[in-house]
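Peer 1: Sharing a structure, written as structure tokens. Questions coming.
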Amino acid sequence: MQQKVIVLDFGGQYNQLIARRVREANVYSEIFAYTASIERIKEYNPSGIILTGGPKSVYEENAPKIDKKLFELGIPILGICYGNHIMAKALGGIVESAELSEYGHRKVALNTDCLLFKGLDSENICWMSHTDQLGRVPERFKIAAHTETCPIAAMYNEDKKLYSVQFHPEVMHTQNGQKMLENFLYEVCGCSKSWTMENVAYQKIEEIKQQVGDKKVLLGLSGGVDSSVAAVLLSKAIGKNLTCIFVDHGLLRKDEGDEVEAMFAEGFDLNFVRVNAQDRFLSRLVGIIDPEEKRKIIGEEFIRVFEEEARKVGHVDFLAQGTIYPDVVESGEGHADVIKSHHNVGGLPDVVDFDDIIEPLRELFKDEVRAVGLEIGLDESLVWRQPFPGPGLAIRIIGDITKEKLDTLREADYIFRNEISEAGLDRDIWQYFAALTNIRTVGVMGDARTYDYVLALRAVTSVDAMTADWSRIPYDVLAKISNTIINEVAGINRVVYDITSKPPGTIEWE
Ligand code: XMP
């Protein structure tokens with residue numbers, strides 16, 4: 001049976017990071033809200049529990065609480081930051097408010113007799129971010145680390161397998177942080193390295209076989225990483241009982257539609273349906289300049305086209321979706337203002353005649369989806385494909401959309417992407433693309449006056465698209481991109497580089 005660790009979430013900013021770090025140590029982990037009942041936790045039967053940090057002080061009135069019984073289950077527990085405070089408080093220790101908040105890198109002295117720090121030097125660097133800290137450990141606990149200003153930076157009770165740290169082992173600024181987590185997982189919890197992508201791919205395929213049997217599955221394939229990996233897993237499990245519908249709305253990048261078709265129609269055992277709906281989308285977009293209206297029209301038309309195709313397929317047993325784990329975690333919390341509507345083309349469940357939903361990637365983080373993709377034979381170029389918005393180039397052409405503008409943008413974007421790859425920057429930059437502005441400026445080419453469009457280049461570094469910074473592309477690379485585009489793409493006579501971070505900007509221009 002799969003060993004599992006629960007990351008009990010107290011609202012800290014690193015909750016997903018902790019879960020990912022555990023999985024990087026090849027142990028499966030899932031995030032539970034701190035409100036999860038003791039019964040549910042017992043039933044899940046975890047090999048260990050990690051209590052995350054959180055924004056509150058344990059003494060605040062509406063601070064997250066925890067049932068003391070959690071510490072009596074005999075399950076190994078590691079508390080981090082707020083998790084450290086809440087463990088200490090529940091077991092009779094004292095949590096104090098430090099006079100000054102401590103933030104950043106700190107030298108920490110570790111007691112290497114504590115299993116958490118086994119094999120490490122006693123001098124280490126850790127990452128602190130807190131105001132509260134422990135004033136006294138609970139009975140039968142020992143101090144396991146201290147810094148100059150934090151006399152109890154870690155504590156433990158070996159018999160009860162309870163450990164806690166004031167600092168953040170999950171962030172890369174903590175030296176040997178991963179090793180500390182691994183010590184907790186392997187030495188304290190007794191976990192083995194069972195969560196490997198090879199196992200996961202094999203396991204998923206088996207699970208799909210079990211769940212679907214010889215029934216029929218329909219999948220909307222966009223050519224993005226998630227739906228592509230889902231398609232291949234399903235194909236390996238059920239072959240031709242999978243039908244993939246790929247709607248080409250004509251708003252894709254250069255050659256993209258043909259590439260997706262070539263890969264899936266020929267490369268894998270499945271039914272591949274490409275719907276060439278370019279004209280339909282374009283005619284509905286004539287004269288539309290408002291970004292939200294563009295999105296709405298594309299979303300609606302997408303659903304309509306999909307519906308027509310799905311009707312031809314008829315009743316299916318399962319509709320497959322490429323939901324990944326961060327979607328599951330984030331939808332559980334329901335925050336975030338809507339800045340731009342429909343980030344994913346939703347609504348498919350309403351128009352497909354199906355009995356059930358199947359989500360083969362539901363438990364996987366994005367980097368795991370990629371690793372599984374490589375494991376099951378998807379091309380590196382596809383697995384590392386950058387995010388591409390559902391409404392495609394429509395939201396990268398400011399103002400009205402025409403076939404000519406689309407073709408112009410496609411050529412310029414293609415040159416930009418090629419130059420970035422040639423400069424070896426494609427893995428460093430999170431997302432990069434060209435946007436066609438609606439501005440025309442005067443230029444001179446040869447001896448003639450030109451009056452053509454301004455093209456904007458956008459390239460950002462990011463982790464999750466929630467925040468982003470503009471990428472510092474070297475000047476000589478930018479110079480080459482600009483020259484090539486202006487020389488080779490008719491209709492563009494000026495190139496500008498977008499140096500806006502997010503916030504206050506967004507990544508896309510519309
Ligand atoms: P923004 O522009 O909001 O983009 O900073 C954040 C990330 O989301 C992508 N994006 C979209 N993806 N449908 C999508 O599927 C959309 O309507 C959409 N708008 C933005 C964007 O490319 C970036 O990766």
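Here, A, B, ... name the chains of the structure tokens in the order displayed, residue numbers run from 1 inside each chain, and ligands are numbered from 1 in the same displayed order.
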Residues near Phe272 (chain A), anyone? I mean within 8 Å using only C-alpha atoms, not counting same-chain ones fewer than 5 positions away, as a PyMOL selection string.
Peer 2: chain A and resi 243-246+261+264-265
Peer 1: Please produce a file of the residues just selected, as a tab-separated table (two decimals), in the first residue's frame, where the atoms kept are N, CA and C atoms.
Peer 2:
```
chain	number	residue	atom	x	y	z
A	243	THR	N	-11.74	8.97	-27.23
A	243	THR	CA	-11.84	9.90	-28.36
A	243	THR	C	-11.38	11.27	-27.87
A	244	CYS	N	-10.45	11.86	-28.62
A	244	CYS	CA	-9.98	13.21	-28.29
A	244	CYS	C	-10.50	14.19	-29.33
A	245	ILE	N	-11.10	15.25	-28.84
A	245	ILE	CA	-11.55	16.29	-29.77
A	245	ILE	C	-10.63	17.48	-29.63
A	246	PHE	N	-10.03	17.87	-30.74
A	246	PHE	CA	-9.13	19.01	-30.76
A	246	PHE	C	-9.77	20.10	-31.61
A	261	GLU	N	-1.95	17.61	-34.34
A	261	GLU	CA	-2.55	16.51	-35.11
A	261	GLU	C	-1.51	15.43	-35.41
A	264	PHE	N	-0.73	13.33	-32.19
A	264	PHE	CA	-1.74	12.46	-31.59
A	264	PHE	C	-2.43	11.54	-32.59
A	265	ALA	N	-2.65	12.05	-33.80
A	265	ALA	CA	-3.36	11.21	-34.76
A	265	ALA	C	-2.48	10.02	-35.15
```
Peer 1: Determine, for each residue of chain A having at least one atom at most 10 Å from an atom of ligand 1, the closest pair of atoms and their separation in Å to one decimal, counting only C-alpha atoms and all ligand atoms; order by chain and ascending number, as CSV.
Peer 2:
```
residue,atom,partner,partner_atom_place_in_ligand_line,distance
A:Ser222,CA,ligand 1,15 (O),9.8
A:Gly224,CA,ligand 1,15 (O),9.6
A:Pro291,CA,ligand 1,17 (O),9.5
A:Glu292,CA,ligand 1,17 (O),8.9
A:Lys294,CA,ligand 1,17 (O),9.5
A:Arg295,CA,ligand 1,17 (O),6.3
A:Lys296,CA,ligand 1,17 (O),9.1
A:Ile298,CA,ligand 1,17 (O),9.4
A:Gly299,CA,ligand 1,17 (O),8.7
A:Val338,CA,ligand 1,3 (O),9.4
A:Ile339,CA,ligand 1,3 (O),6.9
A:Lys340,CA,ligand 1,3 (O),6.1
A:Ser341,CA,ligand 1,17 (O),6.3
A:His342,CA,ligand 1,17 (O),5.3
A:His343,CA,ligand 1,13 (N),3.4
A:Asn344,CA,ligand 1,15 (O),4.1
A:Val345,CA,ligand 1,15 (O),6.5
A:Gly346,CA,ligand 1,15 (O),9.5
A:Gln386,CA,ligand 1,24 (O),7.9
A:Pro387,CA,ligand 1,24 (O),5.0
A:Phe388,CA,ligand 1,22 (O),5.0
A:Pro389,CA,ligand 1,12 (N),3.4
A:Gly390,CA,ligand 1,15 (O),3.9
A:Pro391,CA,ligand 1,17 (O),5.6
A:Gly392,CA,ligand 1,13 (N),7.8
A:Ala394,CA,ligand 1,17 (O),9.9
A:Ile395,CA,ligand 1,19 (N),7.8
A:Arg396,CA,ligand 1,22 (O),9.7
A:Trp430,CA,ligand 1,24 (O),8.6
A:Gln431,CA,ligand 1,24 (O),6.9
A:Tyr432,CA,ligand 1,22 (O),9.2
A:Phe433,CA,ligand 1,22 (O),9.3
A:Val460,CA,ligand 1,24 (O),9.6
A:Ser462,CA,ligand 1,24 (O),9.2
A:Asp464,CA,ligand 1,7 (C),8.1
A:Ala465,CA,ligand 1,6 (C),4.9
A:Met466,CA,ligand 1,6 (C),6.5
A:Thr467,CA,ligand 1,5 (O),7.6
A:Ala468,CA,ligand 1,5 (O),7.9
A:Ser501,CA,ligand 1,5 (O),9.6
A:Lys502,CA,ligand 1,5 (O),6.8
A:Pro503,CA,ligand 1,5 (O),8.3
A:Pro504,CA,ligand 1,5 (O),9.7
A:Gly505,CA,ligand 1,5 (O),7.3
A:Thr506,CA,ligand 1,5 (O),3.7
A:Ile507,CA,ligand 1,5 (O),3.7
A:Glu508,CA,ligand 1,2 (O),3.7
A:Trp509,CA,ligand 1,2 (O),6.5
A:Glu510,CA,ligand 1,2 (O),6.8
```
Peer 1: Any chance you could list, as a list in words, the residues in region 221-359 of chain A that come up strand (DSSP E or B) when DSSP is run on the backbone?
Peer 2: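 Assigned to strand (DSSP E or B), within region 221-359 of chain A: Leu242, Thr243, Cys244, Ile245, Phe246, Val247, Asp248, Asn271, Phe272, Val273, Arg274, Val275, Asn276, Val316, Asp317, Phe318, Leu319, Ala320, Phe354, Asp355, Asp356, Ile357 and Ile358 of chain A.
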Peer 1: Just checking: using only C-alpha atoms, which residue out of A:Ala88, A:Leu181, A:Leu282, A:Ile303 ends up closest to Leu115 (chain A)?
Peer 2: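 Ranked by minimum distance to Leu115 (chain A), first place goes to A:Leu181.
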Peer 1: Restricting the calculation to only C-alpha atoms, which member of A:Asn45, A:Ser129, A:Ser227, A:Gln210 is positioned closest to Gly373 (chain A)?
Peer 2: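 Of the candidates, the smallest distance to Gly373 (chain A) is held by A:Ser227.
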Peer 1: Pull the alpha helix (DSSP H) assignments for region 263-475 of chain A out of DSSP run on the backbone, and list those residues as a ChimeraX atom specification.
Peer 2: /A:267,278-285,291-313,325-333,348-351,366-375,380-383,403-422,475
Peer 1: With C-alpha atoms retained, export the selected residues as an mmCIF file, in the first residue's frame.
Peer 2:
```
data_model
loop_
_atom_site.group_PDB
_atom_site.id
_atom_site.type_symbol
_atom_site.label_atom_id
_atom_site.label_comp_id
_atom_site.auth_asym_id
_atom_site.auth_seq_id
_atom_site.Cartn_x
_atom_site.Cartn_y
_atom_site.Cartn_z
ATOM 1 C CA GLY A 267 1.703 8.798 -32.481
ATOM 2 C CA GLN A 278 -11.037 28.729 -37.866
ATOM 3 C CA ASP A 279 -13.578 30.562 -40.023
ATOM 4 C CA ARG A 280 -16.353 30.244 -37.473
ATOM 5 C CA PHE A 281 -14.289 31.834 -34.738
ATOM 6 C CA LEU A 282 -12.902 34.547 -36.970
ATOM 7 C CA SER A 283 -16.292 35.580 -38.270
ATOM 8 C CA ARG A 284 -17.640 35.876 -34.733
ATOM 9 C CA LEU A 285 -14.704 38.042 -33.729
ATOM 10 C CA PRO A 291 -10.856 41.816 -24.218
ATOM 11 C CA GLU A 292 -13.585 40.368 -22.024
ATOM 12 C CA GLU A 293 -15.955 40.191 -24.962
ATOM 13 C CA LYS A 294 -13.315 38.361 -26.996
ATOM 14 C CA ARG A 295 -12.894 35.834 -24.215
ATOM 15 C CA LYS A 296 -16.620 35.367 -23.843
ATOM 16 C CA ILE A 297 -17.212 34.840 -27.551
ATOM 17 C CA ILE A 298 -14.338 32.382 -27.861
ATOM 18 C CA GLY A 299 -15.484 30.479 -24.775
ATOM 19 C CA GLU A 300 -19.051 30.240 -26.057
ATOM 20 C CA GLU A 301 -18.068 29.275 -29.570
ATOM 21 C CA PHE A 302 -15.688 26.671 -28.217
ATOM 22 C CA ILE A 303 -18.478 25.070 -26.240
ATOM 23 C CA ARG A 304 -20.766 25.136 -29.252
ATOM 24 C CA VAL A 305 -18.233 23.504 -31.559
ATOM 25 C CA PHE A 306 -17.395 20.933 -28.929
ATOM 26 C CA GLU A 307 -21.049 20.191 -28.374
ATOM 27 C CA GLU A 308 -21.626 19.522 -32.068
ATOM 28 C CA GLU A 309 -18.675 17.149 -32.214
ATOM 29 C CA ALA A 310 -19.564 15.459 -28.948
ATOM 30 C CA ARG A 311 -23.041 14.835 -30.311
ATOM 31 C CA LYS A 312 -21.523 12.956 -33.229
ATOM 32 C CA VAL A 313 -19.629 10.767 -30.764
ATOM 33 C CA TYR A 325 -3.526 19.102 -7.939
ATOM 34 C CA PRO A 326 -3.061 22.869 -7.458
ATOM 35 C CA ASP A 327 -6.539 23.355 -9.034
ATOM 36 C CA VAL A 328 -7.950 20.966 -6.463
ATOM 37 C CA VAL A 329 -6.195 22.651 -3.537
ATOM 38 C CA GLU A 330 -7.007 26.162 -4.674
ATOM 39 C CA SER A 331 -10.634 25.541 -5.443
ATOM 40 C CA GLY A 332 -10.975 24.200 -1.910
ATOM 41 C CA GLU A 333 -10.155 27.598 -0.517
ATOM 42 C CA LEU A 348 -17.892 21.249 -21.166
ATOM 43 C CA PRO A 349 -19.705 19.104 -18.610
ATOM 44 C CA ASP A 350 -22.946 20.830 -19.571
ATOM 45 C CA VAL A 351 -22.814 19.915 -23.225
ATOM 46 C CA LYS A 366 2.678 20.414 -12.636
ATOM 47 C CA ASP A 367 6.273 19.207 -12.458
ATOM 48 C CA GLU A 368 4.963 15.695 -11.816
ATOM 49 C CA VAL A 369 2.637 15.930 -14.809
ATOM 50 C CA ARG A 370 5.693 16.786 -16.911
ATOM 51 C CA ALA A 371 7.732 13.940 -15.454
ATOM 52 C CA VAL A 372 4.889 11.463 -16.093
ATOM 53 C CA GLY A 373 4.604 12.839 -19.641
ATOM 54 C CA LEU A 374 8.266 12.091 -20.319
ATOM 55 C CA GLU A 375 7.888 8.682 -18.689
ATOM 56 C CA GLU A 380 10.289 17.054 -24.560
ATOM 57 C CA SER A 381 9.103 19.951 -26.713
ATOM 58 C CA LEU A 382 5.515 19.230 -25.736
ATOM 59 C CA VAL A 383 6.204 18.480 -22.106
ATOM 60 C CA LYS A 403 -6.653 36.940 -40.557
ATOM 61 C CA GLU A 404 -3.827 39.222 -41.743
ATOM 62 C CA LYS A 405 -3.025 40.381 -38.223
ATOM 63 C CA LEU A 406 -3.080 36.806 -36.998
ATOM 64 C CA ASP A 407 -0.625 35.752 -39.697
ATOM 65 C CA THR A 408 1.645 38.714 -38.980
ATOM 66 C CA LEU A 409 1.660 37.966 -35.260
ATOM 67 C CA ARG A 410 2.266 34.268 -35.865
ATOM 68 C CA GLU A 411 5.386 34.986 -37.927
ATOM 69 C CA ALA A 412 6.791 37.493 -35.439
ATOM 70 C CA ASP A 413 6.019 35.250 -32.459
ATOM 71 C CA TYR A 414 7.679 32.318 -34.222
ATOM 72 C CA ILE A 415 10.885 34.312 -34.758
ATOM 73 C CA PHE A 416 10.874 35.464 -31.132
ATOM 74 C CA ARG A 417 10.468 31.935 -29.817
ATOM 75 C CA ASN A 418 13.155 30.544 -32.129
ATOM 76 C CA GLU A 419 15.664 33.182 -31.125
ATOM 77 C CA ILE A 420 15.001 32.533 -27.446
ATOM 78 C CA SER A 421 15.606 28.819 -27.956
ATOM 79 C CA GLU A 422 18.731 29.497 -29.963
ATOM 80 C CA TYR A 475 20.503 43.210 -25.030
#
```
Peer 1: What's around Val442 (chain A) at 9 Å? Count only C-alpha atoms, leave out sequence neighbours fewer than 4 positions away in its own chain, and write the answer as a ChimeraX atom specification.
Peer 2: /A:449-453,493-494
Peer 1: For the residues in that selection, give me all heavy atoms as a JSON list (two decimals), in the first residue's frame.
Peer 2:
```json
[["chain", "number", "residue", "atom", "x", "y", "z"],
["A", 449, "ARG", "N", 9.44, 55.62, -46.66],
["A", 449, "ARG", "CA", 8.71, 55.79, -45.42],
["A", 449, "ARG", "C", 7.84, 54.55, -45.20],
["A", 449, "ARG", "O", 7.27, 54.01, -46.15],
["A", 449, "ARG", "CB", 7.84, 57.03, -45.56],
["A", 449, "ARG", "CG", 6.92, 57.32, -44.38],
["A", 449, "ARG", "CD", 6.03, 58.50, -44.76],
["A", 449, "ARG", "NE", 5.28, 59.03, -43.63],
["A", 449, "ARG", "CZ", 4.07, 58.61, -43.25],
["A", 449, "ARG", "NH1", 3.48, 57.62, -43.89],
["A", 449, "ARG", "NH2", 3.46, 59.19, -42.24],
["A", 450, "THR", "N", 7.77, 54.09, -43.94],
["A", 450, "THR", "CA", 6.82, 53.02, -43.65],
["A", 450, "THR", "C", 5.85, 53.53, -42.58],
["A", 450, "THR", "O", 6.17, 54.47, -41.83],
["A", 450, "THR", "CB", 7.53, 51.76, -43.10],
["A", 450, "THR", "OG1", 8.27, 52.13, -41.94],
["A", 450, "THR", "CG2", 8.44, 51.13, -44.12],
["A", 451, "TYR", "N", 4.72, 52.91, -42.55],
["A", 451, "TYR", "CA", 3.72, 53.26, -41.52],
["A", 451, "TYR", "C", 3.09, 51.93, -41.10],
["A", 451, "TYR", "O", 2.10, 51.49, -41.68],
["A", 451, "TYR", "CB", 2.70, 54.24, -42.09],
["A", 451, "TYR", "CG", 1.72, 54.77, -41.05],
["A", 451, "TYR", "CD1", 2.18, 55.35, -39.87],
["A", 451, "TYR", "CD2", 0.34, 54.68, -41.25],
["A", 451, "TYR", "CE1", 1.28, 55.82, -38.92],
["A", 451, "TYR", "CE2", -0.56, 55.15, -40.30],
["A", 451, "TYR", "CZ", -0.08, 55.71, -39.14],
["A", 451, "TYR", "OH", -0.95, 56.18, -38.19],
["A", 452, "ASP", "N", 3.71, 51.29, -40.12],
["A", 452, "ASP", "CA", 3.32, 49.91, -39.80],
["A", 452, "ASP", "C", 3.11, 49.73, -38.30],
["A", 452, "ASP", "O", 3.32, 50.65, -37.51],
["A", 452, "ASP", "CB", 4.41, 48.95, -40.28],
["A", 452, "ASP", "CG", 4.38, 48.75, -41.78],
["A", 452, "ASP", "OD1", 3.27, 48.81, -42.36],
["A", 452, "ASP", "OD2", 5.45, 48.56, -42.37],
["A", 453, "TYR", "N", 2.77, 48.50, -37.94],
["A", 453, "TYR", "CA", 2.42, 48.22, -36.54],
["A", 453, "TYR", "C", 3.64, 48.10, -35.61],
["A", 453, "TYR", "O", 4.73, 47.71, -36.04],
["A", 453, "TYR", "CB", 1.61, 46.93, -36.44],
["A", 453, "TYR", "CG", 0.18, 47.13, -36.89],
["A", 453, "TYR", "CD1", -0.26, 46.61, -38.09],
["A", 453, "TYR", "CD2", -0.70, 47.88, -36.12],
["A", 453, "TYR", "CE1", -1.57, 46.81, -38.51],
["A", 453, "TYR", "CE2", -2.00, 48.10, -36.54],
["A", 453, "TYR", "CZ", -2.43, 47.56, -37.73],
["A", 453, "TYR", "OH", -3.71, 47.78, -38.15],
["A", 493, "ASN", "N", 7.15, 47.56, -38.15],
["A", 493, "ASN", "CA", 8.36, 48.37, -38.34],
["A", 493, "ASN", "C", 8.97, 48.86, -37.03],
["A", 493, "ASN", "O", 9.88, 49.67, -37.01],
["A", 493, "ASN", "CB", 8.10, 49.56, -39.28],
["A", 493, "ASN", "CG", 7.18, 50.60, -38.64],
["A", 493, "ASN", "OD1", 6.64, 50.38, -37.56],
["A", 493, "ASN", "ND2", 7.01, 51.73, -39.31],
["A", 494, "ARG", "N", 8.44, 48.37, -35.91],
["A", 494, "ARG", "CA", 9.01, 48.77, -34.62],
["A", 494, "ARG", "C", 8.74, 47.65, -33.60],
["A", 494, "ARG", "O", 7.64, 47.08, -33.59],
["A", 494, "ARG", "CB", 8.34, 50.07, -34.16],
["A", 494, "ARG", "CG", 9.05, 50.79, -33.02],
["A", 494, "ARG", "CD", 8.35, 52.10, -32.69],
["A", 494, "ARG", "NE", 8.43, 53.07, -33.77],
["A", 494, "ARG", "CZ", 9.34, 54.05, -33.85],
["A", 494, "ARG", "NH1", 10.23, 54.20, -32.90],
["A", 494, "ARG", "NH2", 9.33, 54.90, -34.87]]
```
